[in-house]
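Undergrad: See data.cif below, with mmCIF, N, CA and C atoms.
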data_run
#
loop_
_atom_site.label_atom_id
_atom_site.label_comp_id
_atom_site.auth_asym_id
_atom_site.auth_seq_id
_atom_site.Cartn_x
_atom_site.Cartn_y
_atom_site.Cartn_z
N MET A 25 0.84 -1.18 0.00
CA MET A 25 0.00 0.00 0.00
C MET A 25 0.88 1.25 0.00
N THR A 26 0.38 2.28 -0.63
CA THR A 26 1.10 3.54 -0.67
C THR A 26 0.83 4.36 0.59
N PRO A 27 1.66 5.35 0.90
CA PRO A 27 1.39 6.22 2.05
C PRO A 27 0.01 6.89 1.96
N ALA A 28 -0.41 7.26 0.75
CA ALA A 28 -1.73 7.89 0.59
C ALA A 28 -2.85 6.90 0.94
N GLN A 29 -2.66 5.63 0.60
CA GLN A 29 -3.67 4.63 0.94
C GLN A 29 -3.72 4.38 2.44
N TRP A 30 -2.58 4.46 3.13
CA TRP A 30 -2.58 4.32 4.59
C TRP A 30 -3.34 5.47 5.24
N ARG A 31 -3.13 6.68 4.72
CA ARG A 31 -3.87 7.83 5.24
C ARG A 31 -5.36 7.68 4.97
N LEU A 32 -5.69 7.18 3.79
CA LEU A 32 -7.09 6.95 3.44
C LEU A 32 -7.70 5.91 4.37
N ALA A 33 -6.97 4.88 4.71
CA ALA A 33 -7.47 3.84 5.61
C ALA A 33 -7.83 4.44 6.97
N SER A 34 -7.01 5.35 7.46
CA SER A 34 -7.29 6.00 8.73
C SER A 34 -8.56 6.84 8.64
N ARG A 35 -8.69 7.61 7.57
CA ARG A 35 -9.89 8.43 7.37
C ARG A 35 -11.12 7.56 7.16
N LEU A 36 -10.95 6.44 6.46
CA LEU A 36 -12.04 5.51 6.21
C LEU A 36 -12.55 4.91 7.51
N GLU A 37 -11.65 4.46 8.36
CA GLU A 37 -12.05 3.88 9.64
C GLU A 37 -12.81 4.90 10.48
N GLU A 38 -12.30 6.12 10.55
CA GLU A 38 -12.96 7.17 11.32
C GLU A 38 -14.35 7.46 10.76
N THR A 39 -14.48 7.52 9.46
CA THR A 39 -15.78 7.79 8.83
C THR A 39 -16.77 6.67 9.13
N LEU A 40 -16.32 5.43 9.05
CA LEU A 40 -17.22 4.31 9.35
C LEU A 40 -17.68 4.33 10.80
N ARG A 41 -16.80 4.69 11.70
CA ARG A 41 -17.18 4.75 13.12
C ARG A 41 -18.20 5.86 13.38
N LEU A 42 -18.08 6.96 12.66
CA LEU A 42 -19.00 8.09 12.85
C LEU A 42 -20.32 7.91 12.10
N GLU A 43 -20.27 7.40 10.89
CA GLU A 43 -21.44 7.35 10.01
C GLU A 43 -22.15 6.00 9.99
N GLY A 44 -21.48 4.93 10.36
CA GLY A 44 -22.08 3.61 10.27
C GLY A 44 -21.78 2.94 8.95
N ALA A 45 -22.65 2.06 8.52
CA ALA A 45 -22.45 1.28 7.29
C ALA A 45 -22.65 2.15 6.06
N LEU A 46 -21.70 2.07 5.13
CA LEU A 46 -21.77 2.84 3.89
C LEU A 46 -21.28 1.99 2.73
N THR A 47 -21.79 2.29 1.54
CA THR A 47 -21.34 1.59 0.34
C THR A 47 -20.01 2.19 -0.13
N ASP A 48 -19.32 1.45 -0.99
CA ASP A 48 -18.06 1.94 -1.55
C ASP A 48 -18.27 3.25 -2.30
N ALA A 49 -19.36 3.31 -3.08
CA ALA A 49 -19.63 4.52 -3.85
C ALA A 49 -19.85 5.73 -2.93
N SER A 50 -20.58 5.53 -1.84
CA SER A 50 -20.81 6.61 -0.88
C SER A 50 -19.51 7.05 -0.23
N LEU A 51 -18.68 6.08 0.13
CA LEU A 51 -17.41 6.40 0.76
C LEU A 51 -16.48 7.14 -0.19
N CYS A 52 -16.46 6.74 -1.46
CA CYS A 52 -15.64 7.44 -2.45
C CYS A 52 -16.07 8.89 -2.56
N ALA A 53 -17.37 9.12 -2.59
CA ALA A 53 -17.89 10.49 -2.70
C ALA A 53 -17.57 11.30 -1.45
N MET A 54 -17.74 10.70 -0.28
CA MET A 54 -17.50 11.41 0.98
C MET A 54 -16.03 11.75 1.17
N LEU A 55 -15.16 10.81 0.80
CA LEU A 55 -13.74 10.97 1.06
C LEU A 55 -12.97 11.53 -0.14
N GLY A 56 -13.65 11.66 -1.26
CA GLY A 56 -12.97 12.14 -2.47
C GLY A 56 -11.88 11.20 -2.93
N ALA A 57 -12.14 9.90 -2.81
CA ALA A 57 -11.12 8.89 -3.10
C ALA A 57 -11.45 8.13 -4.37
N ASP A 58 -10.43 7.58 -4.98
CA ASP A 58 -10.55 6.69 -6.12
C ASP A 58 -11.01 5.32 -5.61
N LEU A 59 -11.88 4.64 -6.36
CA LEU A 59 -12.40 3.35 -5.94
C LEU A 59 -11.29 2.33 -5.70
N ARG A 60 -10.27 2.32 -6.53
CA ARG A 60 -9.16 1.37 -6.37
C ARG A 60 -8.43 1.60 -5.05
N ASP A 61 -8.15 2.87 -4.72
CA ASP A 61 -7.48 3.19 -3.46
C ASP A 61 -8.37 2.87 -2.27
N LEU A 62 -9.67 3.15 -2.40
CA LEU A 62 -10.60 2.87 -1.31
C LEU A 62 -10.64 1.38 -1.02
N ARG A 63 -10.69 0.57 -2.07
CA ARG A 63 -10.75 -0.88 -1.86
C ARG A 63 -9.45 -1.43 -1.27
N ALA A 64 -8.32 -0.84 -1.62
CA ALA A 64 -7.05 -1.26 -1.01
C ALA A 64 -7.06 -0.91 0.48
N ALA A 65 -7.53 0.28 0.82
CA ALA A 65 -7.60 0.70 2.22
C ALA A 65 -8.60 -0.16 2.99
N ALA A 66 -9.74 -0.45 2.37
CA ALA A 66 -10.76 -1.29 3.01
C ALA A 66 -10.23 -2.71 3.23
N GLY A 67 -9.46 -3.20 2.28
CA GLY A 67 -8.87 -4.53 2.42
C GLY A 67 -7.91 -4.61 3.60
N MET A 68 -7.13 -3.56 3.79
CA MET A 68 -6.22 -3.51 4.94
C MET A 68 -7.02 -3.49 6.24
N LEU A 69 -8.09 -2.69 6.29
CA LEU A 69 -8.92 -2.65 7.50
C LEU A 69 -9.58 -4.00 7.75
N TYR A 70 -9.98 -4.68 6.69
CA TYR A 70 -10.59 -6.01 6.82
C TYR A 70 -9.58 -7.02 7.37
N ARG A 71 -8.37 -7.00 6.81
CA ARG A 71 -7.34 -7.96 7.26
C ARG A 71 -6.93 -7.73 8.71
N THR A 72 -7.02 -6.50 9.18
CA THR A 72 -6.66 -6.21 10.57
C THR A 72 -7.88 -6.20 11.48
N ARG A 73 -9.01 -6.67 10.96
CA ARG A 73 -10.27 -6.81 11.72
C ARG A 73 -10.79 -5.51 12.29
N ARG A 74 -10.62 -4.43 11.52
CA ARG A 74 -11.16 -3.14 11.94
C ARG A 74 -12.37 -2.75 11.10
N ALA A 75 -12.67 -3.50 10.05
CA ALA A 75 -13.85 -3.29 9.21
C ALA A 75 -14.30 -4.64 8.66
N ASP A 76 -15.56 -4.69 8.27
CA ASP A 76 -16.10 -5.92 7.71
C ASP A 76 -17.12 -5.56 6.63
N ARG A 77 -17.43 -6.52 5.81
CA ARG A 77 -18.44 -6.34 4.77
C ARG A 77 -19.75 -6.97 5.22
N CYS A 78 -20.84 -6.28 4.95
CA CYS A 78 -22.18 -6.79 5.20
C CYS A 78 -22.96 -6.49 3.92
N GLY A 79 -23.02 -7.48 3.04
CA GLY A 79 -23.61 -7.25 1.72
C GLY A 79 -22.74 -6.27 0.95
N GLU A 80 -23.33 -5.21 0.45
CA GLU A 80 -22.56 -4.21 -0.30
C GLU A 80 -22.03 -3.10 0.60
N TYR A 81 -22.24 -3.23 1.90
CA TYR A 81 -21.83 -2.19 2.84
C TYR A 81 -20.54 -2.54 3.55
N LEU A 82 -19.78 -1.53 3.87
CA LEU A 82 -18.58 -1.66 4.68
C LEU A 82 -18.94 -1.10 6.05
N VAL A 83 -18.63 -1.84 7.10
CA VAL A 83 -18.97 -1.43 8.46
C VAL A 83 -17.74 -1.52 9.36
N ALA A 84 -17.69 -0.67 10.37
CA ALA A 84 -16.62 -0.73 11.35
C ALA A 84 -16.90 -1.87 12.32
N VAL A 85 -15.86 -2.57 12.72
CA VAL A 85 -15.97 -3.63 13.71
C VAL A 85 -15.83 -2.98 15.09
N PRO A 86 -16.77 -3.24 16.01
CA PRO A 86 -16.66 -2.63 17.34
C PRO A 86 -15.37 -3.07 18.04
N ARG A 87 -14.77 -2.15 18.74
CA ARG A 87 -13.58 -2.47 19.54
C ARG A 87 -14.04 -3.16 20.80
N GLN A 88 -13.19 -4.03 21.35
CA GLN A 88 -13.57 -4.75 22.57
C GLN A 88 -13.86 -3.81 23.72
N ARG A 89 -13.12 -2.73 23.80
CA ARG A 89 -13.32 -1.82 24.92
C ARG A 89 -14.63 -1.04 24.82
N GLU A 90 -15.33 -1.11 23.67
CA GLU A 90 -16.62 -0.44 23.52
C GLU A 90 -17.71 -1.22 24.24
N GLY A 91 -17.46 -2.48 24.57
CA GLY A 91 -18.42 -3.25 25.33
C GLY A 91 -19.62 -3.75 24.54
N ARG A 92 -19.52 -3.76 23.21
CA ARG A 92 -20.62 -4.27 22.39
C ARG A 92 -20.13 -5.47 21.61
N PRO A 93 -21.01 -6.44 21.41
CA PRO A 93 -20.61 -7.56 20.55
C PRO A 93 -20.62 -7.13 19.09
N ALA A 94 -19.82 -7.80 18.29
CA ALA A 94 -19.82 -7.53 16.85
C ALA A 94 -21.16 -7.94 16.25
N ALA A 95 -21.56 -7.27 15.20
CA ALA A 95 -22.85 -7.58 14.55
C ALA A 95 -22.78 -8.87 13.80
#
Can you give me the file's structure in the form of structure tokens?
TA:
Amino acid sequence: MTPAQWRLASRLEETLRLEGALTDASLCAMLGADLRDLRAAAGMLYRTRRADRCGEYLVAVPRQREGRPAA
């Protein structure tokens, strides 16, 4: 991943935590990102268990310290 994709991953995770489940197209529009870069960033978040897919939506995975079970 490029440094820009790492920065995008950070912004993506923050956006998912604030906004909830969003589609790739919505996230691209909100973040002003290219779909290819967004999917690379989302893949990194998925591999590190900080985001998950639910149908066509990308969702943040709750942190253990939040005290909620994962959906």
Undergrad: Rank A:Met25, A:Leu40, A:Val85, A:Arg60 by their smallest atom-to-atom distance to Thr72 (chain A), using only C-alpha atoms, and report the top residue only.
TA: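 Checking each candidate against Thr72 (chain A), we get A:Val85 as the closest.
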Undergrad: Using the chain letters and numbers from this file, what does the PyMOL selection byres (((chain A and resi 66 and name CA) around 9) and name CA) select? Give the answer as a ChimeraX atom specification.
TA: /A:33,36-37,61-65,67-71,75-76,82
Undergrad: Please extract the residues of chain A with a backbone DSSP assignment of alpha helix (DSSP H) and present them as a PyMOL selection string.
TA: chain A and resi 27-43+48-55+59-71
Undergrad: Among chain A, which ones does DSSP place in strand (DSSP E or B), written as JSON, numbers by chain?
TA: {"A": [46, 47, 75, 76, 77, 78, 81, 82, 83, 84]}
Undergrad: Could you state the separation of CA of Glu38 (chain A) and CA of Ala84 (chain A) in Å, given to one decimal place?
TA: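 Answer for the CA of Glu38 (chain A) to CA of Ala84 (chain A) separation: 8.7 Å.
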Undergrad: Rounded to one decimal in Å, what is the spacing between CA of Arg77 (chain A) and CA of Leu55 (chain A)?
TA: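 These two atoms are separated by 18.3 Å.
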Undergrad: I want to know what sits within 5 Å of region 42-49 of chain A, based on only N, CA and C atoms, with residues of the same chain fewer than 6 positions away left out; could you give that as a list of chain:residue names?
TA: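 Within the cut-off, the hits are A:Glu80, A:Tyr81, A:Leu82, A:Val83.
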Undergrad: State, in Å with one decimal place, the distance from CA of Met54 (chain A) to CA of Thr26 (chain A).
TA: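 That distance, rounded to one decimal, is 20.3 Å.
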Undergrad: For Asp58 (chain A), which residue out of A:Ser34, A:Gln88, A:Gln29, A:Cys78 is the nearest one, using only C-alpha atoms?
TA: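 Among the listed residues, the smallest separation from Asp58 (chain A) belongs to A:Gln29.
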